[in-house]
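Structure data follow from run.cif (mmCIF, C-alpha atoms):
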data_protein
#
loop_
_atom_site.label_atom_id
_atom_site.label_comp_id
_atom_site.auth_asym_id
_atom_site.auth_seq_id
_atom_site.Cartn_x
_atom_site.Cartn_y
_atom_site.Cartn_z
CA MET A 238 23.12 -42.95 -29.75
CA SER A 239 22.61 -39.24 -30.10
CA LYS A 240 25.36 -37.46 -32.01
CA GLU A 241 24.71 -34.25 -30.11
CA LEU A 242 25.02 -35.71 -26.62
CA SER A 243 27.88 -37.63 -25.06
CA GLU A 244 27.28 -40.85 -23.16
CA ALA A 245 27.80 -38.97 -19.88
CA ASP A 246 25.16 -36.39 -20.87
CA ILE A 247 22.68 -39.12 -21.69
CA LYS A 248 23.29 -40.90 -18.39
CA ALA A 249 22.82 -37.60 -16.56
CA GLN A 250 19.48 -37.01 -18.29
CA ILE A 251 18.30 -40.53 -17.48
CA ALA A 252 19.32 -40.07 -13.84
CA ARG A 253 16.95 -37.09 -13.61
CA LEU A 254 14.07 -39.49 -14.24
CA GLY A 255 14.93 -41.18 -10.96
CA ASP A 256 14.71 -37.82 -9.22
CA LEU A 257 11.29 -37.29 -10.81
CA ARG A 258 10.02 -40.64 -9.54
CA ALA A 259 11.33 -39.85 -6.06
CA ALA A 260 9.63 -36.44 -6.07
CA ILE A 261 6.28 -38.01 -6.99
CA ALA A 262 6.70 -40.64 -4.27
CA THR A 263 6.83 -37.92 -1.60
CA ALA A 264 3.07 -37.37 -2.04
CA ILE A 265 1.80 -40.55 -3.73
CA VAL A 266 1.60 -43.89 -1.93
CA GLY A 267 1.96 -46.90 -4.23
CA GLN A 268 0.44 -46.77 -7.73
CA ASP A 269 3.88 -47.57 -9.17
CA GLU A 270 2.49 -48.96 -12.41
CA VAL A 271 0.23 -45.94 -12.93
CA VAL A 272 3.12 -43.52 -12.30
CA GLU A 273 5.31 -45.46 -14.73
CA GLN A 274 2.67 -45.30 -17.45
CA LEU A 275 2.17 -41.55 -16.95
CA LEU A 276 5.90 -40.91 -17.21
CA THR A 277 6.05 -43.17 -20.26
CA GLY A 278 3.37 -41.05 -21.91
CA LEU A 279 5.25 -37.88 -20.98
CA LEU A 280 8.50 -39.13 -22.52
CA ALA A 281 6.70 -40.42 -25.61
CA GLY A 282 5.14 -36.99 -26.13
CA GLY A 283 1.51 -38.12 -25.91
CA HIS A 284 -1.53 -37.56 -23.73
CA CYS A 285 -2.94 -39.93 -21.12
CA LEU A 286 -6.47 -40.81 -20.04
CA LEU A 287 -6.80 -42.00 -16.44
CA GLU A 288 -9.86 -43.99 -15.45
CA GLY A 289 -10.94 -45.08 -12.00
CA VAL A 290 -13.72 -44.69 -9.49
CA PRO A 291 -13.79 -41.46 -7.43
CA GLY A 292 -11.44 -41.19 -4.47
CA LEU A 293 -8.43 -43.10 -5.82
CA GLY A 294 -6.19 -40.04 -6.03
CA LYS A 295 -6.22 -39.43 -9.80
CA THR A 296 -6.37 -35.67 -9.39
CA LEU A 297 -3.74 -35.72 -6.63
CA LEU A 298 -1.42 -37.75 -8.83
CA VAL A 299 -1.63 -35.27 -11.69
CA ARG A 300 -1.21 -32.31 -9.32
CA THR A 301 1.88 -33.97 -7.85
CA LEU A 302 3.35 -34.49 -11.31
CA GLY A 303 2.70 -30.82 -12.02
CA GLN A 304 4.54 -29.82 -8.85
CA ALA A 305 7.51 -32.09 -9.63
CA LEU A 306 7.78 -30.55 -13.10
CA ASP A 307 8.70 -26.87 -13.18
CA LEU A 308 6.03 -26.15 -15.78
CA ARG A 309 2.93 -24.06 -16.15
CA PHE A 310 0.10 -26.15 -14.75
CA ARG A 311 -3.65 -25.59 -15.10
CA ARG A 312 -6.70 -27.59 -14.08
CA ILE A 313 -10.13 -27.60 -15.71
CA GLN A 314 -13.06 -29.18 -13.90
CA PHE A 315 -15.36 -30.43 -16.65
CA THR A 316 -19.06 -29.94 -16.02
CA PRO A 317 -22.20 -30.30 -18.17
CA ASP A 318 -22.43 -26.53 -18.70
CA LEU A 319 -18.78 -25.97 -19.71
CA MET A 320 -18.38 -24.25 -23.10
CA PRO A 321 -15.51 -24.57 -25.62
CA SER A 322 -14.58 -20.92 -25.04
CA ASP A 323 -14.09 -21.71 -21.33
CA ILE A 324 -11.21 -23.97 -22.42
CA LEU A 325 -9.76 -22.38 -25.53
CA GLY A 326 -10.26 -18.70 -24.82
CA THR A 327 -12.30 -15.92 -26.36
CA GLU A 328 -12.04 -12.45 -27.85
CA ILE A 329 -12.76 -9.44 -25.68
CA LEU A 330 -13.40 -5.89 -26.80
CA GLU A 331 -10.69 -3.50 -25.64
CA GLU A 332 -10.42 0.26 -26.00
CA ASP A 333 -7.22 2.16 -26.70
CA HIS A 334 -7.41 5.03 -24.19
CA GLY A 335 -5.03 7.12 -26.29
CA THR A 336 -6.99 7.01 -29.54
CA GLY A 337 -10.39 5.92 -28.30
CA LYS A 338 -10.47 3.15 -30.89
CA ARG A 339 -11.82 -0.26 -29.98
CA HIS A 340 -10.44 -3.60 -31.11
CA PHE A 341 -10.85 -7.27 -30.32
CA GLN A 342 -8.08 -8.97 -28.34
CA PHE A 343 -7.82 -12.74 -27.97
CA GLN A 344 -7.70 -13.79 -24.33
CA GLU A 345 -6.07 -17.18 -23.90
CA GLY A 346 -7.96 -19.90 -22.07
CA PRO A 347 -6.54 -22.45 -19.59
CA VAL A 348 -5.49 -24.77 -22.43
CA PHE A 349 -2.52 -22.44 -23.00
CA THR A 350 -0.26 -24.20 -20.52
CA ASN A 351 2.35 -26.96 -20.40
CA LEU A 352 0.57 -29.49 -18.20
CA LEU A 353 -3.22 -29.56 -18.29
CA LEU A 354 -5.39 -31.58 -15.96
CA ALA A 355 -8.74 -32.22 -17.64
CA ASP A 356 -10.69 -33.46 -14.64
CA GLU A 357 -13.70 -35.69 -15.30
CA LEU A 358 -13.61 -35.17 -19.06
CA ASN A 359 -16.62 -37.42 -19.57
CA ARG A 360 -18.83 -35.11 -17.48
CA THR A 361 -19.02 -32.54 -20.30
CA PRO A 362 -20.95 -32.71 -23.61
CA PRO A 363 -19.29 -33.82 -26.87
CA LYS A 364 -18.95 -30.27 -28.27
CA THR A 365 -16.71 -29.22 -25.39
CA GLN A 366 -14.82 -32.53 -25.43
CA ALA A 367 -14.08 -32.03 -29.11
CA ALA A 368 -12.68 -28.54 -28.52
CA LEU A 369 -10.06 -29.90 -26.13
CA LEU A 370 -9.24 -32.97 -28.19
CA GLU A 371 -8.64 -30.87 -31.30
CA ALA A 372 -6.14 -28.77 -29.37
CA MET A 373 -4.48 -31.98 -28.16
CA GLN A 374 -4.06 -33.25 -31.69
CA GLU A 375 -2.97 -30.07 -33.45
CA HIS A 376 -1.21 -28.27 -30.53
CA THR A 377 -2.91 -25.13 -31.83
CA VAL A 378 -6.13 -23.20 -31.21
CA SER A 379 -7.94 -21.47 -34.08
CA TYR A 380 -10.21 -18.56 -33.24
CA ALA A 381 -11.74 -16.01 -35.62
CA GLY A 382 -9.50 -17.23 -38.43
CA VAL A 383 -6.28 -16.84 -36.44
CA THR A 384 -4.19 -19.82 -35.33
CA HIS A 385 -2.55 -19.64 -31.90
CA SER A 386 0.21 -22.13 -31.03
CA LEU A 387 0.18 -23.90 -27.69
CA PRO A 388 3.39 -23.90 -25.61
CA ALA A 389 5.83 -26.81 -25.71
CA PRO A 390 5.86 -29.21 -24.05
CA PHE A 391 2.09 -29.66 -23.99
CA PHE A 392 0.82 -32.64 -22.03
CA VAL A 393 -2.83 -33.39 -21.23
CA LEU A 394 -3.78 -35.74 -18.43
CA ALA A 395 -7.52 -36.36 -18.52
CA THR A 396 -9.43 -38.24 -15.86
CA GLN A 397 -12.75 -39.98 -16.22
CA ASN A 398 -14.98 -41.98 -13.95
CA PRO A 399 -16.24 -45.36 -15.20
CA LEU A 400 -18.86 -44.88 -17.87
CA GLU A 401 -21.41 -47.01 -16.03
CA GLN A 402 -21.90 -44.13 -13.61
CA ALA A 403 -24.78 -41.73 -14.19
CA GLY A 404 -24.22 -38.36 -15.83
CA THR A 405 -21.36 -39.28 -18.15
CA TYR A 406 -20.80 -38.57 -21.86
CA PRO A 407 -18.65 -41.39 -23.25
CA LEU A 408 -15.84 -40.27 -25.53
CA PRO A 409 -16.29 -41.44 -29.16
CA GLU A 410 -13.77 -43.98 -30.45
CA ALA A 411 -12.13 -41.48 -32.82
CA GLN A 412 -11.48 -39.12 -29.92
CA LEU A 413 -10.27 -41.87 -27.60
CA ASP A 414 -7.69 -42.75 -30.26
CA ARG A 415 -6.09 -39.33 -29.67
CA PHE A 416 -4.92 -40.49 -26.25
CA LEU A 417 -1.60 -42.28 -26.33
CA LEU A 418 -2.37 -44.36 -23.21
CA HIS A 419 -5.51 -45.35 -21.34
CA VAL A 420 -4.35 -45.85 -17.76
CA LYS A 421 -6.56 -47.71 -15.29
CA VAL A 422 -6.24 -46.69 -11.64
CA ALA A 423 -7.08 -49.59 -9.32
CA TYR A 424 -7.75 -49.74 -5.59
CA PRO A 425 -4.59 -49.66 -3.43
CA SER A 426 -3.37 -52.71 -1.55
CA GLU A 427 -4.22 -53.07 2.13
CA ALA A 428 -0.77 -51.88 3.23
CA GLU A 429 -0.86 -48.93 0.82
CA GLU A 430 -4.34 -47.90 1.94
CA ARG A 431 -3.27 -48.02 5.58
CA GLU A 432 -0.30 -45.77 4.78
CA ILE A 433 -2.62 -43.38 2.92
CA LEU A 434 -4.84 -43.16 6.00
CA ARG A 435 -1.84 -42.48 8.23
CA SER A 436 -0.06 -39.95 6.03
CA THR A 437 -3.06 -37.85 4.96
CA THR A 438 -4.86 -37.35 8.27
CA GLY A 439 -2.08 -35.68 10.26
CA SER A 440 -1.14 -32.05 10.62
CA GLY A 441 1.74 -32.05 8.11
CA SER A 442 1.56 -32.16 4.33
CA ALA A 443 4.14 -33.44 1.85
CA SER A 444 6.20 -30.89 -0.05
CA VAL A 445 6.90 -31.97 -3.62
CA PRO A 446 10.16 -30.55 -5.01
CA ALA A 447 10.39 -29.34 -8.61
CA VAL A 448 13.12 -31.43 -10.23
CA MET A 449 12.72 -30.93 -13.98
CA ASP A 450 11.86 -28.09 -16.37
CA GLY A 451 10.41 -27.93 -19.85
CA ALA A 452 13.75 -27.91 -21.66
CA ALA A 453 14.80 -31.12 -19.90
CA ILE A 454 11.52 -32.82 -20.80
CA LEU A 455 11.82 -31.84 -24.47
CA ALA A 456 15.40 -33.18 -24.50
CA LEU A 457 14.24 -36.48 -22.98
CA GLN A 458 11.42 -36.74 -25.52
CA ARG A 459 13.94 -36.35 -28.35
CA LEU A 460 16.21 -38.88 -26.68
CA ALA A 461 13.37 -41.40 -26.31
CA ARG A 462 12.86 -41.43 -30.06
CA GLU A 463 16.49 -42.46 -30.52
CA VAL A 464 16.14 -45.55 -28.34
CA HIS A 465 16.81 -48.67 -30.38
CA LEU A 466 13.97 -51.04 -31.22
CA GLY A 467 14.94 -54.11 -33.23
CA ASP A 468 13.26 -55.19 -36.46
CA ASP A 469 11.98 -58.36 -34.78
CA LEU A 470 10.19 -56.32 -32.12
CA LEU A 471 8.86 -53.89 -34.73
CA SER A 472 7.41 -56.83 -36.66
CA TRP A 473 5.91 -58.23 -33.44
CA ILE A 474 4.16 -54.94 -32.72
CA ASN A 475 2.86 -54.87 -36.28
CA ARG A 476 1.49 -58.40 -35.97
CA LEU A 477 -0.15 -57.67 -32.61
CA VAL A 478 -1.97 -54.61 -33.95
CA ARG A 479 -3.07 -56.32 -37.15
CA ALA A 480 -4.25 -59.39 -35.23
CA SER A 481 -6.56 -57.16 -33.16
CA ARG A 482 -8.78 -56.72 -36.24
CA PRO A 483 -11.46 -59.38 -36.79
CA GLY A 484 -10.73 -61.59 -39.77
CA PRO A 485 -10.13 -65.20 -40.74
CA ASP A 486 -6.53 -65.13 -39.45
CA ALA A 487 -7.31 -63.36 -36.18
CA PRO A 488 -7.28 -65.28 -32.87
CA ALA A 489 -10.60 -66.86 -31.88
CA GLU A 490 -11.10 -64.37 -29.04
CA VAL A 491 -10.74 -61.44 -31.44
CA ARG A 492 -13.24 -62.92 -33.90
CA ALA A 493 -15.73 -63.51 -31.07
CA TRP A 494 -15.29 -60.36 -29.00
CA VAL A 495 -14.10 -57.51 -31.26
CA ARG A 496 -16.16 -55.46 -33.73
CA TRP A 497 -13.35 -53.09 -34.75
CA GLY A 498 -9.66 -53.50 -34.07
CA ALA A 499 -6.83 -51.03 -33.58
CA GLY A 500 -5.55 -48.85 -36.41
CA PRO A 501 -1.98 -47.94 -37.43
CA ARG A 502 -1.84 -45.19 -34.78
CA ALA A 503 -1.88 -47.94 -32.15
CA GLY A 504 1.30 -49.43 -33.62
CA GLN A 505 2.98 -46.03 -33.62
CA ALA A 506 1.95 -45.53 -30.00
CA LEU A 507 3.27 -48.93 -28.93
CA VAL A 508 6.64 -48.30 -30.60
CA LEU A 509 7.05 -44.87 -28.99
CA CYS A 510 5.89 -46.07 -25.58
CA ALA A 511 8.20 -49.08 -25.63
CA LYS A 512 11.13 -46.77 -26.37
CA ALA A 513 10.07 -44.34 -23.64
CA ARG A 514 9.67 -47.13 -21.06
CA ALA A 515 13.14 -48.45 -21.90
CA LEU A 516 14.60 -45.00 -21.30
CA LEU A 517 12.63 -44.72 -18.07
CA HIS A 518 14.35 -47.92 -16.91
CA GLY A 519 17.80 -46.63 -17.90
CA ARG A 520 18.13 -48.62 -21.12
CA PHE A 521 18.85 -47.39 -24.63
CA ALA A 522 17.23 -50.39 -26.31
CA ALA A 523 13.60 -51.49 -26.02
CA ALA A 524 12.89 -55.06 -24.93
CA ARG A 525 10.05 -57.57 -25.21
CA GLY A 526 8.97 -56.76 -21.67
CA ASP A 527 8.43 -53.09 -22.56
CA ILE A 528 5.97 -54.03 -25.30
CA ALA A 529 4.15 -56.64 -23.21
CA ALA A 530 3.79 -54.21 -20.28
CA LEU A 531 2.29 -51.47 -22.47
CA ALA A 532 0.12 -53.51 -24.83
CA ALA A 533 -2.99 -53.15 -22.66
CA PRO A 534 -2.83 -49.37 -21.93
CA VAL A 535 -2.06 -48.70 -25.61
CA LEU A 536 -4.74 -50.97 -27.08
CA ARG A 537 -7.59 -51.10 -24.55
CA HIS A 538 -9.26 -47.87 -25.69
CA ARG A 539 -8.70 -48.62 -29.36
CA LEU A 540 -10.71 -51.86 -29.46
CA LEU A 541 -14.47 -51.73 -29.99
CA LEU A 542 -15.96 -54.84 -28.40
CA SER A 543 -18.88 -56.79 -29.82
CA PHE A 544 -22.28 -57.13 -28.21
CA SER A 545 -21.53 -60.76 -27.36
CA ALA A 546 -18.38 -59.70 -25.50
CA GLU A 547 -20.37 -57.20 -23.45
CA ALA A 548 -23.03 -59.82 -22.75
CA GLU A 549 -20.34 -62.23 -21.53
CA GLY A 550 -18.73 -59.55 -19.36
CA ARG A 551 -15.49 -59.50 -21.35
CA ASP A 552 -13.27 -56.44 -21.52
CA ALA A 553 -10.52 -55.16 -23.80
CA ASP A 554 -7.77 -56.31 -21.44
CA GLU A 555 -8.85 -59.92 -21.98
CA VAL A 556 -8.56 -59.41 -25.73
CA VAL A 557 -5.04 -58.03 -25.32
CA ALA A 558 -4.08 -60.99 -23.11
CA ALA A 559 -5.40 -63.34 -25.80
CA LEU A 560 -3.33 -61.52 -28.44
CA LEU A 561 -0.17 -61.90 -26.38
CA ARG A 562 -0.88 -65.62 -25.93
CA ALA A 563 -1.62 -66.18 -29.62
CA LEU A 564 1.38 -64.16 -30.82
CA PRO A 565 4.21 -64.81 -28.37
CA ALA A 566 7.21 -62.50 -28.28
CA PRO A 567 10.13 -63.30 -30.57
CA SER A 568 13.05 -65.03 -28.90
CA ALA A 569 15.83 -62.79 -27.63
#
Conversion result in structure tokens:
Amino acid sequence: MSKELSEADIKAQIARLGDLRAAIATAIVGQDEVVEQLLTGLLAGGHCLLEGVPGLGKTLLVRTLGQALDLRFRRIQFTPDLMPSDILGTEILEEDHGTGKRHFQFQEGPVFTNLLLADELNRTPPKTQAALLEAMQEHTVSYAGVTHSLPAPFFVLATQNPLEQAGTYPLPEAQLDRFLLHVKVAYPSEAEEREILRSTTGSGSASVPAVMDGAAILALQRLAREVHLGDDLLSWINRLVRASRPGPDAPAEVRAWVRWGAGPRAGQALVLCAKARALLHGRFAAARGDIAALAAPVLRHRLLLSFSAEAEGRDADEVVAALLRALPAPSA
């Protein structure tokens, strides 16, 4: 347990996560698993990629999170003609009216914020995608030989429509690996969809209170790293990630369906996310259920499927399910 914080301080910080969930629920109907994964990514200090067909509320969800967090929030709508300078910023020529001298001044782009919504990231060409993803990785922007630091916390939530739709530029595997979690947004249940119809077609609109600021988020991110994860669970994560790579010792489904498996960054992500999810549930020790719940969103975008898997209609989630069956969790 943290040496700097008392047990009461830690409990108070964890309680604020309940307030954050409640604030999001004022505008979002259902999608509990999606909200949990987004908050897990926030606490783990990583970025999230949300995928789902249009109209499922991905943009609304990210906007609501931005309102519940008292942070600087910006949105970029990615289009085929968007340029890297539209995201990162550019230099403009300014004149000193006192001396008459001219000089270049860097004007920050929308990436200089705390919470960035990158809407429909796969609608823009690779050059512009790469500009954002470099900033995500380094938390800096380099322009004209000068490095500019991004504010902290810095959290990117990118949305993309399914790649089967026309007019998309699929993210390369190396860039997908920069996202901590790949969150799938599914259709709501019948009861949830009925409530959406009722609550969004009236005259009133939900007001989302701001319940947490940047300092609190940074403190929770530090606290999440101190959550205990036992050696047996660490070894299980290591085995799961290594078993995702085709080889003679890999499960049959991996050998048949996977061309390239997950790298070490996937193991790091699963450890951090398991700790963050435990904290989100008010625990200071990660459990087997945390790892099992996050295995798919951590691994699904880090597995490159084979042609035979695509021909059979298999997806990465089936590979993850096969891994969990072949390598069961260690006993408590």
Quiz prompt | Spatial neighbours of A:Phe315, max dist 9 Å, all atoms listed in the file, sep filter under 6 positions, as number ranges by chain | solution = A: 355-361, 365
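When the PyMOL selection byres ((chain A and resi 464) around 10) is evaluated on the file shown here, the picked residues come out as Met238, Ser239, Arg459, Leu460, Ala461, Arg462, Glu463, His465, Leu466, Gly467, Leu509, Ala511, Lys512, Ala513, Arg514, Ala515, Leu516, Arg520, Phe521, Ala522 and Ala523 of chain A.
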Per residue of stretch 286-322 of chain A within 12 Å of stretch 423-426 of chain A, note the shortest atom pair and the distance in Å to one decimal, counting only C-alpha atoms, and order the rows by chain and increasing residue number, as a Markdown table.
| residue | atom | partner | partner_atom | distance |
| --- | --- | --- | --- | --- |
| A:Leu287 | CA | A:Ala423 | CA | 10.4 |
| A:Glu288 | CA | A:Ala423 | CA | 8.8 |
| A:Gly289 | CA | A:Ala423 | CA | 6.5 |
| A:Val290 | CA | A:Ala423 | CA | 8.3 |
| A:Pro291 | CA | A:Tyr424 | CA | 10.4 |
| A:Gly292 | CA | A:Tyr424 | CA | 9.4 |
| A:Leu293 | CA | A:Tyr424 | CA | 6.7 |
| A:Gly294 | CA | A:Tyr424 | CA | 9.8 |
| A:Lys295 | CA | A:Ala423 | CA | 10.2 |
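Using all atoms listed in the file, the shortest contact distance between A:Gly282 and any of A:Leu561, A:Leu477, A:Leu394, A:Val495 is found at A:Leu394.
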Exercise. For a cut-off of 12 Å around (5.7, -55.4, -21.4), file coordinates, pick out all residues using all atoms listed in the file and list them as number ranges by chain.
Key: A: 270, 273-274, 470, 474, 507-508, 510-512, 514-515, 523-535, 557-558, 561, 565-566
Write the selection just made, keeping C-alpha atoms, as a PDB file, keeping the file's coordinate frame?
ATOM      1  CA  GLU A 270       2.490 -48.960 -12.410  1.00  0.00           C
ATOM      2  CA  GLU A 273       5.310 -45.460 -14.730  1.00  0.00           C
ATOM      3  CA  GLN A 274       2.670 -45.300 -17.450  1.00  0.00           C
ATOM      4  CA  LEU A 470      10.190 -56.320 -32.120  1.00  0.00           C
ATOM      5  CA  ILE A 474       4.160 -54.940 -32.720  1.00  0.00           C
ATOM      6  CA  LEU A 507       3.270 -48.930 -28.930  1.00  0.00           C
ATOM      7  CA  VAL A 508       6.640 -48.300 -30.600  1.00  0.00           C
ATOM      8  CA  CYS A 510       5.890 -46.070 -25.580  1.00  0.00           C
ATOM      9  CA  ALA A 511       8.200 -49.080 -25.630  1.00  0.00           C
ATOM     10  CA  LYS A 512      11.130 -46.770 -26.370  1.00  0.00           C
ATOM     11  CA  ARG A 514       9.670 -47.130 -21.060  1.00  0.00           C
ATOM     12  CA  ALA A 515      13.140 -48.450 -21.900  1.00  0.00           C
ATOM     13  CA  ALA A 523      13.600 -51.490 -26.020  1.00  0.00           C
ATOM     14  CA  ALA A 524      12.890 -55.060 -24.930  1.00  0.00           C
ATOM     15  CA  ARG A 525      10.050 -57.570 -25.210  1.00  0.00           C
ATOM     16  CA  GLY A 526       8.970 -56.760 -21.670  1.00  0.00           C
ATOM     17  CA  ASP A 527       8.430 -53.090 -22.560  1.00  0.00           C
ATOM     18  CA  ILE A 528       5.970 -54.030 -25.300  1.00  0.00           C
ATOM     19  CA  ALA A 529       4.150 -56.640 -23.210  1.00  0.00           C
ATOM     20  CA  ALA A 530       3.790 -54.210 -20.280  1.00  0.00           C
ATOM     21  CA  LEU A 531       2.290 -51.470 -22.470  1.00  0.00           C
ATOM     22  CA  ALA A 532       0.120 -53.510 -24.830  1.00  0.00           C
ATOM     23  CA  ALA A 533      -2.990 -53.150 -22.660  1.00  0.00           C
ATOM     24  CA  PRO A 534      -2.830 -49.370 -21.930  1.00  0.00           C
ATOM     25  CA  VAL A 535      -2.060 -48.700 -25.610  1.00  0.00           C
ATOM     26  CA  VAL A 557      -5.040 -58.030 -25.320  1.00  0.00           C
ATOM     27  CA  ALA A 558      -4.080 -60.990 -23.110  1.00  0.00           C
ATOM     28  CA  LEU A 561      -0.170 -61.900 -26.380  1.00  0.00           C
ATOM     29  CA  PRO A 565       4.210 -64.810 -28.370  1.00  0.00           C
ATOM     30  CA  ALA A 566       7.210 -62.500 -28.280  1.00  0.00           C
TER      31      ALA A 566
END
Expanded to explicit residues, what is the PyMOL selection byres ((chain A and resi 386) around 10) for this file, as a JSON list (two decimals) with C-alpha atoms, keeping the file's coordinate frame?
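The file below, out38.json, is the result:
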[["chain", "number", "residue", "atom", "x", "y", "z"],
["A", 349, "PHE", "CA", -2.52, -22.44, -23.00],
["A", 372, "ALA", "CA", -6.14, -28.77, -29.37],
["A", 375, "GLU", "CA", -2.97, -30.07, -33.45],
["A", 376, "HIS", "CA", -1.21, -28.27, -30.53],
["A", 377, "THR", "CA", -2.91, -25.13, -31.83],
["A", 378, "VAL", "CA", -6.13, -23.20, -31.21],
["A", 379, "SER", "CA", -7.94, -21.47, -34.08],
["A", 383, "VAL", "CA", -6.28, -16.84, -36.44],
["A", 384, "THR", "CA", -4.19, -19.82, -35.33],
["A", 385, "HIS", "CA", -2.55, -19.64, -31.90],
["A", 387, "LEU", "CA", 0.18, -23.90, -27.69],
["A", 388, "PRO", "CA", 3.39, -23.90, -25.61],
["A", 389, "ALA", "CA", 5.83, -26.81, -25.71]]
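Of note, atom CA of A:Arg496 and atom CA of A:Trp473 are spaced 22.2 Å apart.
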Exercise. Taking the point (-2.4, -42.4, -24.0) as given in the file, collect each protein or nucleic acid residue that comes within 10 Å of it, counting all atoms listed in the file, and present the set as a ChimeraX atom specification.
Key: /A:274-275,277-279,281-287,393-395,413-420,503,506-507,510,534-536,538
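Nearest to A:Ala252 of all the residues A:Gln304, A:His518, A:Val348, A:Leu319 is A:His518, based on only C-alpha atoms.
Each of A:Pro321, A:Ala264, A:Gln342, A:Pro567 was checked against A:Asp468 using only C-alpha atoms; the smallest atom-to-atom distance is that of A:Pro567.
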Quiz prompt | Counting all atoms listed in the file, the residue of A:Thr438, A:Lys364, A:Thr336, A:Arg482 that sits nearest A:Leu408 | solution = A:Lys364
Quiz prompt | d(atom CA of A:Pro399, atom CA of A:Ile313) in Å | solution = 18.8 Å
Practice problem: Name the residues in contact with stretch 328-331 of chain A at a cut-off of 6 Å, using all atoms listed in the file, excluding same-chain residues fewer than 6 positions from it; report them as a list in words. | Solution: Arg339, His340, Phe341, Gln342, Phe343 and Gln344 of chain A
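Near A:Ala563, within a cut-off of 12 Å and counting all atoms listed in the file, sit the residues Trp473, Arg476, Leu477, Ala480, Ser481, Asp486, Ala487, Pro488, Ala489, Glu490, Val491, Val556, Val557, Ala558, Ala559, Leu560 and Ala566 of chain A, with same-chain residues fewer than 3 positions away left out.
Take the candidates A:Ala259, A:Phe544, A:Pro483, A:Leu370 and check each one against A:Ser444 using all atoms listed in the file; the shortest distance goes to A:Ala259.
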Practice problem: Please measure the separation of atom CA of A:Pro363 and atom CA of A:Glu549, giving the value in Å to one decimal. | Solution: 28.9 Å
Any chance you could work out the axis-aligned box around stretch 448-454 of chain A, listed atoms only, 8 Å on each side, giving centre and edge lengths in Å to one decimal, as lines of an AutoDock Vina configuration file?
center_x = 12.6
center_y = -30.4
center_z = -15.9
size_x = 20.4
size_y = 20.9
size_z = 27.4
Exercise. Excluding A:Leu540 and any residue of its chain fewer than 5 positions from it, enumerate the residues within 7 Å of it, using all atoms listed in the file, and give them as a list in words.
Key: Val495, Trp497, Gly498, Ala499 and Ala553 of chain A
